[in-house]
Protein chains: 2
Amino acid sequence: MTDQNKTSAPPSGGRGAGFALDVCLSPALIPLYKVSGYIVVVIDIFRATSSICYGIENGAEAIIPVSEVEECAAYREKGLDYLLAAERNGEVVEGFDFGNSPFSYTAEKVAGKTVVLTTTNGTHALHLSRSAKRIVIGSFLNLTSLCNWLKTQNENILLVCAGWKNNFNLEDTLFAGAVIEQLKGEGYILDDPSIAANDLFQLGKSDIPQYLSKTSHGERLKKLGIEKDIAFCLQVDLTTAIPVLDGEKLVKLA
Amino acid sequence: MTDQNKTSAPPSGGRGAGFALDVCLSPALIPLYKVSGYIVVVIDIFRATSSICYGIENGAEAIIPVSEVEECAAYREKGLDYLLAAERNGEVVEGFDFGNSPFSYTAEKVAGKTVVLTTTNGTHALHLSRSAKRIVIGSFLNLTSLCNWLKTQNENILLVCAGWKNNFNLEDTLFAGAVIEQLKGEGYILDDPSIAANDLFQLGKSDIPQYLSKTSHGERLKKLGIEKDIAFCLQVDLTTAIPVLDGEKLVKLA
């Protein structure tokens, strides 16, 4: 069977030959993986990891992801150089500098600054992935740059979907499928979630915004009036910077 | 947008109008659902729920799923009427009547008997779903019969994929997508995992065995020399009985 041959004999010379390319469909499933054996890519397309990629591209010195608005507010006491981003129900929380919209992460606003960003799903996924060899941030914005870097690493790769309330969502999974699309010719071994993610990407790739318009989360975000954010987050290869976790901060990969 | 209209306004008169049709992609995600609000369908295509459907169809009085070989062996002391099914690494465990192959669940072997079956993934999923309004068993073998019954229930439905070692697998998800294919015209509200499962089914439906031949688990089972079991488990509508959990036993739904 050709499929069997494909799995057991990756193309010789592939830079990922013999390495695993796995997809973790929700933070609740992270404990099933030996995270310390992987480079982890954290994915939270709407909107945390898209905003992080855009902010780092635009010269933010660092972005600190935190879970709670209170945790974010505590940085106010630590110094005046922090920009604080907090949003609940689609509105900027009073007293904060801005919300989670990628449009807040322009060079004018963030260059040279450290941003403290509240994000529930994304922070949770980062926290659970801490033992990884390295943690980087992915979004459609930096897709090809990220994939080109991953190809040179000679490591197992785990694509961690932040999901929605600890469960599977389509947009993060579709992005994982887009990464696999660029890497799969390199001889990596795919697990079942990787195969599924890539197959879903095949269905959606010709018109990703249209494909995702049917998701429950997309509907929810539309009702919040952030269609522009959604369209922005689905742009492919707008940026090249790869945010990497360094201690508690996300900084630009050198 | 048409998709939006579809979600917010189910076709009037659909028998599932307003009810949820959700897919739980792995037992590890069951705690995210309020199971007590659902009818649960447990799915473990290779091979537990396929064998259970076939055994109940063929007149087994009951099938008792247990996790461990030792637990299964303990039934030997309880009486002579139990048939004990235990398998490890594809071989019948010494002293047991048969393994997990559906071919062991013929009328000649199981009619009028109670079978105690060891199954890791399937038992785990059943156990975690205990608070459900009702728990039934699904497989490709009883697909249409199961769907016809579900349509008459006027309840939320949760399709629980037993998966592989607590993680996602393609074959259980594809079956969930096949159930959704038959129910989706009835006005149920689909969550993201349901949309994904049904989309994967669209990709696989023209040749399910071929589609699943690329899964890691399919490869693993092939190596165990049970290709015949796999082909058997992928037959659609061979049976009509719906196994339902009654206490600790699976019996035929009256």
# chains A, B, ... in the order shown; residues from 1 in each chain; ligands from 1
$ interface_residues --of "chain A" --to "chain B" --cutoff "6 Å" --atoms "only C-alpha atoms" --output "number ranges by chain"
A: 3, 169-170, 192, 214-215
$ calpha_fit_and_write --fixed "chain A" --moving "chain B" --output "PDB file with C-alpha atoms, in the first residue's frame"
ATOM      1  CA  MET B   1       0.131   0.199   0.063  1.00  0.00           C
ATOM      2  CA  THR B   2       1.531   3.554  -0.848  1.00  0.00           C
ATOM      3  CA  ASP B   3       0.321   5.211   2.336  1.00  0.00           C
ATOM      4  CA  GLN B   4       2.098   2.625   4.414  1.00  0.00           C
ATOM      5  CA  ASN B   5       5.311   3.174   2.524  1.00  0.00           C
ATOM      6  CA  LYS B   6       4.964   6.883   3.029  1.00  0.00           C
ATOM      7  CA  THR B   7       4.704   6.506   6.781  1.00  0.00           C
ATOM      8  CA  SER B   8       7.430   3.980   7.338  1.00  0.00           C
ATOM      9  CA  ALA B   9       9.919   5.321   4.821  1.00  0.00           C
ATOM     10  CA  PRO B  10      10.086   9.121   4.777  1.00  0.00           C
ATOM     11  CA  PRO B  11      11.690  10.654   1.720  1.00  0.00           C
ATOM     12  CA  SER B  12      15.427  10.395   2.164  1.00  0.00           C
ATOM     13  CA  GLY B  13      17.133  13.712   2.744  1.00  0.00           C
ATOM     14  CA  GLY B  14      14.021  15.343   4.258  1.00  0.00           C
ATOM     15  CA  ARG B  15      15.175  17.695   6.984  1.00  0.00           C
ATOM     16  CA  GLY B  16      12.544  16.393   9.376  1.00  0.00           C
ATOM     17  CA  ALA B  17      13.169  12.713   8.632  1.00  0.00           C
ATOM     18  CA  GLY B  18      12.305  10.603  11.634  1.00  0.00           C
ATOM     19  CA  PHE B  19      11.129  13.513  13.780  1.00  0.00           C
ATOM     20  CA  ALA B  20       7.568  13.766  15.059  1.00  0.00           C
ATOM     21  CA  LEU B  21       5.228  16.492  13.852  1.00  0.00           C
ATOM     22  CA  ASP B  22       2.337  16.275  16.301  1.00  0.00           C
ATOM     23  CA  VAL B  23      -0.724  18.415  16.897  1.00  0.00           C
ATOM     24  CA  CYS B  24      -2.165  18.856  20.378  1.00  0.00           C
ATOM     25  CA  LEU B  25      -5.783  19.826  19.707  1.00  0.00           C
ATOM     26  CA  SER B  26      -6.443  21.455  23.091  1.00  0.00           C
ATOM     27  CA  PRO B  27      -4.489  22.444  26.223  1.00  0.00           C
ATOM     28  CA  ALA B  28      -6.377  19.686  28.081  1.00  0.00           C
ATOM     29  CA  LEU B  29      -4.457  17.133  25.998  1.00  0.00           C
ATOM     30  CA  ILE B  30      -0.957  18.556  26.658  1.00  0.00           C
ATOM     31  CA  PRO B  31      -0.332  16.088  29.549  1.00  0.00           C
ATOM     32  CA  LEU B  32      -0.501  13.266  26.964  1.00  0.00           C
ATOM     33  CA  TYR B  33       2.722  14.502  25.364  1.00  0.00           C
ATOM     34  CA  LYS B  34       6.265  14.441  26.729  1.00  0.00           C
ATOM     35  CA  VAL B  35       6.570  18.144  26.138  1.00  0.00           C
ATOM     36  CA  SER B  36      10.247  18.205  27.096  1.00  0.00           C
ATOM     37  CA  GLY B  37      11.044  16.339  23.889  1.00  0.00           C
ATOM     38  CA  TYR B  38       9.586  18.975  21.574  1.00  0.00           C
ATOM     39  CA  ILE B  39       9.838  22.464  20.227  1.00  0.00           C
ATOM     40  CA  VAL B  40       6.338  23.794  20.955  1.00  0.00           C
ATOM     41  CA  VAL B  41       4.450  26.242  18.754  1.00  0.00           C
ATOM     42  CA  VAL B  42       1.590  27.932  20.628  1.00  0.00           C
ATOM     43  CA  ILE B  43      -1.387  28.864  18.452  1.00  0.00           C
ATOM     44  CA  ASP B  44      -4.279  31.147  19.421  1.00  0.00           C
ATOM     45  CA  ILE B  45      -5.359  32.692  16.126  1.00  0.00           C
ATOM     46  CA  PHE B  46      -8.301  34.804  17.399  1.00  0.00           C
ATOM     47  CA  ARG B  47      -6.460  36.883  18.591  1.00  0.00           C
ATOM     48  CA  ALA B  48      -3.624  36.445  21.101  1.00  0.00           C
ATOM     49  CA  THR B  49      -0.870  34.883  19.004  1.00  0.00           C
ATOM     50  CA  SER B  50      -1.750  37.033  15.980  1.00  0.00           C
ATOM     51  CA  SER B  51      -1.443  40.200  18.082  1.00  0.00           C
ATOM     52  CA  ILE B  52       1.808  38.930  19.620  1.00  0.00           C
ATOM     53  CA  CYS B  53       3.357  38.257  16.198  1.00  0.00           C
ATOM     54  CA  TYR B  54       2.301  41.692  14.976  1.00  0.00           C
ATOM     55  CA  GLY B  55       3.568  43.459  18.094  1.00  0.00           C
ATOM     56  CA  ILE B  56       6.975  41.768  18.046  1.00  0.00           C
ATOM     57  CA  GLU B  57       7.265  42.480  14.316  1.00  0.00           C
ATOM     58  CA  ASN B  58       6.557  46.130  15.042  1.00  0.00           C
ATOM     59  CA  GLY B  59       9.380  46.467  17.529  1.00  0.00           C
ATOM     60  CA  ALA B  60       7.810  45.713  20.901  1.00  0.00           C
ATOM     61  CA  GLU B  61      10.744  44.931  23.185  1.00  0.00           C
ATOM     62  CA  ALA B  62       8.759  42.143  24.841  1.00  0.00           C
ATOM     63  CA  ILE B  63       5.219  40.927  25.376  1.00  0.00           C
ATOM     64  CA  ILE B  64       4.268  39.376  28.704  1.00  0.00           C
ATOM     65  CA  PRO B  65       1.187  37.161  28.546  1.00  0.00           C
ATOM     66  CA  VAL B  66      -0.830  36.913  31.773  1.00  0.00           C
ATOM     67  CA  SER B  67      -4.141  35.200  32.580  1.00  0.00           C
ATOM     68  CA  GLU B  68      -6.028  37.739  34.647  1.00  0.00           C
ATOM     69  CA  VAL B  69      -6.881  41.411  34.353  1.00  0.00           C
ATOM     70  CA  GLU B  70      -5.701  41.871  37.957  1.00  0.00           C
ATOM     71  CA  GLU B  71      -2.339  40.317  37.143  1.00  0.00           C
ATOM     72  CA  CYS B  72      -2.042  42.717  34.243  1.00  0.00           C
ATOM     73  CA  ALA B  73      -2.993  45.709  36.420  1.00  0.00           C
ATOM     74  CA  ALA B  74      -0.280  44.778  38.936  1.00  0.00           C
ATOM     75  CA  TYR B  75       2.320  45.728  36.336  1.00  0.00           C
ATOM     76  CA  ARG B  76       1.192  49.354  36.662  1.00  0.00           C
ATOM     77  CA  GLU B  77       2.967  49.461  40.018  1.00  0.00           C
ATOM     78  CA  LYS B  78       6.171  47.983  38.628  1.00  0.00           C
ATOM     79  CA  GLY B  79       7.000  50.960  36.450  1.00  0.00           C
ATOM     80  CA  LEU B  80       5.711  53.332  33.832  1.00  0.00           C
ATOM     81  CA  ASP B  81       7.191  51.646  30.816  1.00  0.00           C
ATOM     82  CA  TYR B  82       4.623  48.890  30.546  1.00  0.00           C
ATOM     83  CA  LEU B  83       1.712  49.111  28.167  1.00  0.00           C
ATOM     84  CA  LEU B  84      -1.221  47.221  29.622  1.00  0.00           C
ATOM     85  CA  ALA B  85      -3.665  45.397  27.371  1.00  0.00           C
ATOM     86  CA  ALA B  86      -6.859  44.088  28.899  1.00  0.00           C
ATOM     87  CA  GLU B  87     -10.197  43.383  27.371  1.00  0.00           C
ATOM     88  CA  ARG B  88     -13.404  41.803  28.538  1.00  0.00           C
ATOM     89  CA  ASN B  89     -16.390  41.146  26.288  1.00  0.00           C
ATOM     90  CA  GLY B  90     -14.756  42.962  23.423  1.00  0.00           C
ATOM     91  CA  GLU B  91     -14.188  46.254  25.266  1.00  0.00           C
ATOM     92  CA  VAL B  92     -10.988  47.771  26.660  1.00  0.00           C
ATOM     93  CA  VAL B  93     -11.117  47.569  30.451  1.00  0.00           C
ATOM     94  CA  GLU B  94     -11.184  51.036  32.064  1.00  0.00           C
ATOM     95  CA  GLY B  95      -7.747  52.242  33.036  1.00  0.00           C
ATOM     96  CA  PHE B  96      -5.927  50.064  30.519  1.00  0.00           C
ATOM     97  CA  ASP B  97      -4.017  51.279  27.478  1.00  0.00           C
ATOM     98  CA  PHE B  98      -5.688  49.055  24.924  1.00  0.00           C
ATOM     99  CA  GLY B  99      -7.354  45.705  24.272  1.00  0.00           C
ATOM    100  CA  ASN B 100      -6.424  42.585  22.361  1.00  0.00           C
ATOM    101  CA  SER B 101      -7.027  43.858  18.856  1.00  0.00           C
ATOM    102  CA  PRO B 102      -3.987  43.419  16.598  1.00  0.00           C
ATOM    103  CA  PHE B 103      -4.599  47.008  15.457  1.00  0.00           C
ATOM    104  CA  SER B 104      -3.327  48.114  18.871  1.00  0.00           C
ATOM    105  CA  TYR B 105       0.061  46.557  18.142  1.00  0.00           C
ATOM    106  CA  THR B 106       1.296  49.008  15.525  1.00  0.00           C
ATOM    107  CA  ALA B 107       4.852  50.371  15.556  1.00  0.00           C
ATOM    108  CA  GLU B 108       3.543  53.792  16.686  1.00  0.00           C
ATOM    109  CA  LYS B 109       2.101  52.226  19.800  1.00  0.00           C
ATOM    110  CA  VAL B 110       4.460  49.412  20.786  1.00  0.00           C
ATOM    111  CA  ALA B 111       7.964  50.065  19.377  1.00  0.00           C
ATOM    112  CA  GLY B 112      10.495  49.862  22.200  1.00  0.00           C
ATOM    113  CA  LYS B 113       7.800  49.067  24.777  1.00  0.00           C
ATOM    114  CA  THR B 114       6.953  46.054  26.868  1.00  0.00           C
ATOM    115  CA  VAL B 115       3.297  45.055  26.583  1.00  0.00           C
ATOM    116  CA  VAL B 116       1.473  43.072  29.254  1.00  0.00           C
ATOM    117  CA  LEU B 117      -1.351  41.176  27.544  1.00  0.00           C
ATOM    118  CA  THR B 118      -4.234  39.352  29.200  1.00  0.00           C
ATOM    119  CA  THR B 119      -5.141  36.204  27.336  1.00  0.00           C
ATOM    120  CA  THR B 120      -6.903  33.221  28.862  1.00  0.00           C
ATOM    121  CA  ASN B 121      -6.479  30.406  26.345  1.00  0.00           C
ATOM    122  CA  GLY B 122      -3.035  31.453  25.108  1.00  0.00           C
ATOM    123  CA  THR B 123      -1.494  31.904  28.553  1.00  0.00           C
ATOM    124  CA  HIS B 124      -2.882  28.570  29.679  1.00  0.00           C
ATOM    125  CA  ALA B 125      -1.291  26.793  26.711  1.00  0.00           C
ATOM    126  CA  LEU B 126       2.051  28.537  27.300  1.00  0.00           C
ATOM    127  CA  HIS B 127       2.035  27.632  30.977  1.00  0.00           C
ATOM    128  CA  LEU B 128       1.369  23.945  30.322  1.00  0.00           C
ATOM    129  CA  SER B 129       4.119  23.846  27.684  1.00  0.00           C
ATOM    130  CA  ARG B 130       6.840  25.282  29.926  1.00  0.00           C
ATOM    131  CA  SER B 131       9.060  22.196  29.920  1.00  0.00           C
ATOM    132  CA  ALA B 132       9.476  22.310  26.112  1.00  0.00           C
ATOM    133  CA  LYS B 133      12.906  22.654  24.510  1.00  0.00           C
ATOM    134  CA  ARG B 134      11.717  25.964  23.161  1.00  0.00           C
ATOM    135  CA  ILE B 135       8.366  27.720  22.863  1.00  0.00           C
ATOM    136  CA  VAL B 136       7.612  29.895  19.855  1.00  0.00           C
ATOM    137  CA  ILE B 137       4.472  31.698  18.734  1.00  0.00           C
ATOM    138  CA  GLY B 138       2.644  31.040  15.498  1.00  0.00           C
ATOM    139  CA  SER B 139      -0.131  32.721  13.526  1.00  0.00           C
ATOM    140  CA  PHE B 140      -1.084  33.090   9.881  1.00  0.00           C
ATOM    141  CA  LEU B 141       0.807  36.395   9.981  1.00  0.00           C
ATOM    142  CA  ASN B 142       4.241  34.732  10.366  1.00  0.00           C
ATOM    143  CA  LEU B 143       3.384  31.312   8.849  1.00  0.00           C
ATOM    144  CA  THR B 144       6.139  30.848   6.267  1.00  0.00           C
ATOM    145  CA  SER B 145       8.863  32.462   8.350  1.00  0.00           C
ATOM    146  CA  LEU B 146       7.958  30.149  11.240  1.00  0.00           C
ATOM    147  CA  CYS B 147       7.910  27.062   8.996  1.00  0.00           C
ATOM    148  CA  ASN B 148      11.259  27.901   7.433  1.00  0.00           C
ATOM    149  CA  TRP B 149      12.784  28.184  10.886  1.00  0.00           C
ATOM    150  CA  LEU B 150      11.155  24.950  12.106  1.00  0.00           C
ATOM    151  CA  LYS B 151      12.593  23.054   9.124  1.00  0.00           C
ATOM    152  CA  THR B 152      16.136  23.908  10.235  1.00  0.00           C
ATOM    153  CA  GLN B 153      15.732  22.714  13.816  1.00  0.00           C
ATOM    154  CA  ASN B 154      16.035  18.921  13.564  1.00  0.00           C
ATOM    155  CA  GLU B 155      13.682  18.461  16.493  1.00  0.00           C
ATOM    156  CA  ASN B 156      10.293  16.968  17.239  1.00  0.00           C
ATOM    157  CA  ILE B 157       7.609  19.613  16.808  1.00  0.00           C
ATOM    158  CA  LEU B 158       4.382  19.922  18.787  1.00  0.00           C
ATOM    159  CA  LEU B 159       1.773  22.380  17.518  1.00  0.00           C
ATOM    160  CA  VAL B 160      -0.344  23.322  20.544  1.00  0.00           C
ATOM    161  CA  CYS B 161      -3.784  24.718  19.776  1.00  0.00           C
ATOM    162  CA  ALA B 162      -4.916  27.029  22.588  1.00  0.00           C
ATOM    163  CA  GLY B 163      -8.483  26.275  21.564  1.00  0.00           C
ATOM    164  CA  TRP B 164     -11.564  27.670  23.233  1.00  0.00           C
ATOM    165  CA  LYS B 165     -12.206  27.036  26.927  1.00  0.00           C
ATOM    166  CA  ASN B 166      -9.846  24.059  26.878  1.00  0.00           C
ATOM    167  CA  ASN B 167     -11.595  22.415  23.919  1.00  0.00           C
ATOM    168  CA  PHE B 168     -10.920  22.042  20.194  1.00  0.00           C
ATOM    169  CA  ASN B 169     -11.547  24.944  17.862  1.00  0.00           C
ATOM    170  CA  LEU B 170     -11.403  25.088  14.091  1.00  0.00           C
ATOM    171  CA  GLU B 171      -9.256  28.174  13.545  1.00  0.00           C
ATOM    172  CA  ASP B 172      -6.276  26.999  15.622  1.00  0.00           C
ATOM    173  CA  THR B 173      -6.492  23.509  14.114  1.00  0.00           C
ATOM    174  CA  LEU B 174      -6.650  24.912  10.589  1.00  0.00           C
ATOM    175  CA  PHE B 175      -3.493  26.904  11.254  1.00  0.00           C
ATOM    176  CA  ALA B 176      -1.762  23.772  12.554  1.00  0.00           C
ATOM    177  CA  GLY B 177      -2.785  22.146   9.262  1.00  0.00           C
ATOM    178  CA  ALA B 178      -1.220  25.060   7.365  1.00  0.00           C
ATOM    179  CA  VAL B 179       2.091  24.516   9.180  1.00  0.00           C
ATOM    180  CA  ILE B 180       1.969  20.803   8.374  1.00  0.00           C
ATOM    181  CA  GLU B 181       1.302  21.656   4.729  1.00  0.00           C
ATOM    182  CA  GLN B 182       4.678  23.420   4.567  1.00  0.00           C
ATOM    183  CA  LEU B 183       6.574  20.795   6.596  1.00  0.00           C
ATOM    184  CA  LYS B 184       5.097  17.490   5.470  1.00  0.00           C
ATOM    185  CA  GLY B 185       7.441  17.047   2.515  1.00  0.00           C
ATOM    186  CA  GLU B 186      10.393  16.950   4.927  1.00  0.00           C
ATOM    187  CA  GLY B 187       9.846  13.425   6.221  1.00  0.00           C
ATOM    188  CA  TYR B 188       8.276  14.140   9.598  1.00  0.00           C
ATOM    189  CA  ILE B 189       6.081  11.422  11.116  1.00  0.00           C
ATOM    190  CA  LEU B 190       2.503  12.658  11.526  1.00  0.00           C
ATOM    191  CA  ASP B 191       0.128  11.543  14.280  1.00  0.00           C
ATOM    192  CA  ASP B 192      -3.656  11.253  13.786  1.00  0.00           C
ATOM    193  CA  PRO B 193      -4.413  14.828  14.937  1.00  0.00           C
ATOM    194  CA  SER B 194      -1.780  16.094  12.453  1.00  0.00           C
ATOM    195  CA  ILE B 195      -3.366  14.146   9.611  1.00  0.00           C
ATOM    196  CA  ALA B 196      -6.805  15.505  10.546  1.00  0.00           C
ATOM    197  CA  ALA B 197      -5.553  19.099  10.887  1.00  0.00           C
ATOM    198  CA  ASN B 198      -3.872  18.956   7.500  1.00  0.00           C
ATOM    199  CA  ASP B 199      -6.956  17.408   5.884  1.00  0.00           C
ATOM    200  CA  LEU B 200      -9.130  20.187   7.324  1.00  0.00           C
ATOM    201  CA  PHE B 201      -6.642  22.687   5.909  1.00  0.00           C
ATOM    202  CA  GLN B 202      -7.088  21.116   2.471  1.00  0.00           C
ATOM    203  CA  LEU B 203     -10.824  21.818   2.771  1.00  0.00           C
ATOM    204  CA  GLY B 204     -10.330  25.389   3.949  1.00  0.00           C
ATOM    205  CA  LYS B 205      -7.217  26.631   2.196  1.00  0.00           C
ATOM    206  CA  SER B 206      -8.821  28.107  -0.921  1.00  0.00           C
ATOM    207  CA  ASP B 207     -10.795  30.566   1.228  1.00  0.00           C
ATOM    208  CA  ILE B 208      -9.868  30.431   4.896  1.00  0.00           C
ATOM    209  CA  PRO B 209     -12.126  33.320   6.022  1.00  0.00           C
ATOM    210  CA  GLN B 210     -15.122  31.706   4.322  1.00  0.00           C
ATOM    211  CA  TYR B 211     -14.306  28.276   5.788  1.00  0.00           C
ATOM    212  CA  LEU B 212     -13.986  29.684   9.291  1.00  0.00           C
ATOM    213  CA  SER B 213     -17.146  31.757   9.053  1.00  0.00           C
ATOM    214  CA  LYS B 214     -19.084  28.648  10.048  1.00  0.00           C
ATOM    215  CA  THR B 215     -17.288  28.127  13.369  1.00  0.00           C
ATOM    216  CA  SER B 216     -19.020  28.820  16.637  1.00  0.00           C
ATOM    217  CA  HIS B 217     -16.182  31.057  17.775  1.00  0.00           C
ATOM    218  CA  GLY B 218     -16.217  33.013  14.528  1.00  0.00           C
ATOM    219  CA  GLU B 219     -19.922  33.647  15.076  1.00  0.00           C
ATOM    220  CA  ARG B 220     -19.232  34.760  18.617  1.00  0.00           C
ATOM    221  CA  LEU B 221     -16.488  37.145  17.554  1.00  0.00           C
ATOM    222  CA  LYS B 222     -18.648  38.561  14.787  1.00  0.00           C
ATOM    223  CA  LYS B 223     -21.271  39.452  17.333  1.00  0.00           C
ATOM    224  CA  LEU B 224     -18.622  41.366  19.279  1.00  0.00           C
ATOM    225  CA  GLY B 225     -18.142  43.551  16.222  1.00  0.00           C
ATOM    226  CA  ILE B 226     -14.549  42.576  15.562  1.00  0.00           C
ATOM    227  CA  GLU B 227     -14.842  41.347  11.991  1.00  0.00           C
ATOM    228  CA  LYS B 228     -11.905  43.588  11.079  1.00  0.00           C
ATOM    229  CA  ASP B 229      -9.710  41.849  13.654  1.00  0.00           C
ATOM    230  CA  ILE B 230     -10.686  38.445  12.263  1.00  0.00           C
ATOM    231  CA  ALA B 231      -9.865  39.467   8.700  1.00  0.00           C
ATOM    232  CA  PHE B 232      -6.553  40.884   9.903  1.00  0.00           C
ATOM    233  CA  CYS B 233      -5.609  37.693  11.781  1.00  0.00           C
ATOM    234  CA  LEU B 234      -6.197  35.573   8.676  1.00  0.00           C
ATOM    235  CA  GLN B 235      -3.663  37.414   6.518  1.00  0.00           C
ATOM    236  CA  VAL B 236      -0.858  35.080   5.525  1.00  0.00           C
ATOM    237  CA  ASP B 237       2.814  36.112   5.738  1.00  0.00           C
ATOM    238  CA  LEU B 238       2.333  39.742   6.668  1.00  0.00           C
ATOM    239  CA  THR B 239       5.248  39.446   9.135  1.00  0.00           C
ATOM    240  CA  THR B 240       8.508  37.538   9.560  1.00  0.00           C
ATOM    241  CA  ALA B 241       9.394  37.895  13.276  1.00  0.00           C
ATOM    242  CA  ILE B 242       9.138  34.756  15.397  1.00  0.00           C
ATOM    243  CA  PRO B 243       8.255  35.450  19.040  1.00  0.00           C
ATOM    244  CA  VAL B 244      10.046  33.084  21.434  1.00  0.00           C
ATOM    245  CA  LEU B 245       9.512  32.615  25.161  1.00  0.00           C
ATOM    246  CA  ASP B 246      12.440  33.814  27.276  1.00  0.00           C
ATOM    247  CA  GLY B 247      11.594  33.369  30.947  1.00  0.00           C
ATOM    248  CA  GLU B 248       8.196  35.024  31.330  1.00  0.00           C
ATOM    249  CA  LYS B 249       8.584  37.262  28.295  1.00  0.00           C
ATOM    250  CA  LEU B 250       8.008  36.762  24.628  1.00  0.00           C
ATOM    251  CA  VAL B 251      10.784  38.388  22.622  1.00  0.00           C
ATOM    252  CA  LYS B 252      11.958  38.358  19.007  1.00  0.00           C
ATOM    253  CA  LEU B 253      13.909  35.248  18.054  1.00  0.00           C
ATOM    254  CA  ALA B 254      17.425  36.425  17.153  1.00  0.00           C
TER     255      ALA B 254
END
$ select_by_dssp --residues "range 1-209 of chain A" --states "strand (DSSP E)" --output "PyMOL selection string"
chain A and resi 20-24+38-43+62-66+82-85+87-88+91-92+114-118+134-138+156-161+189-190
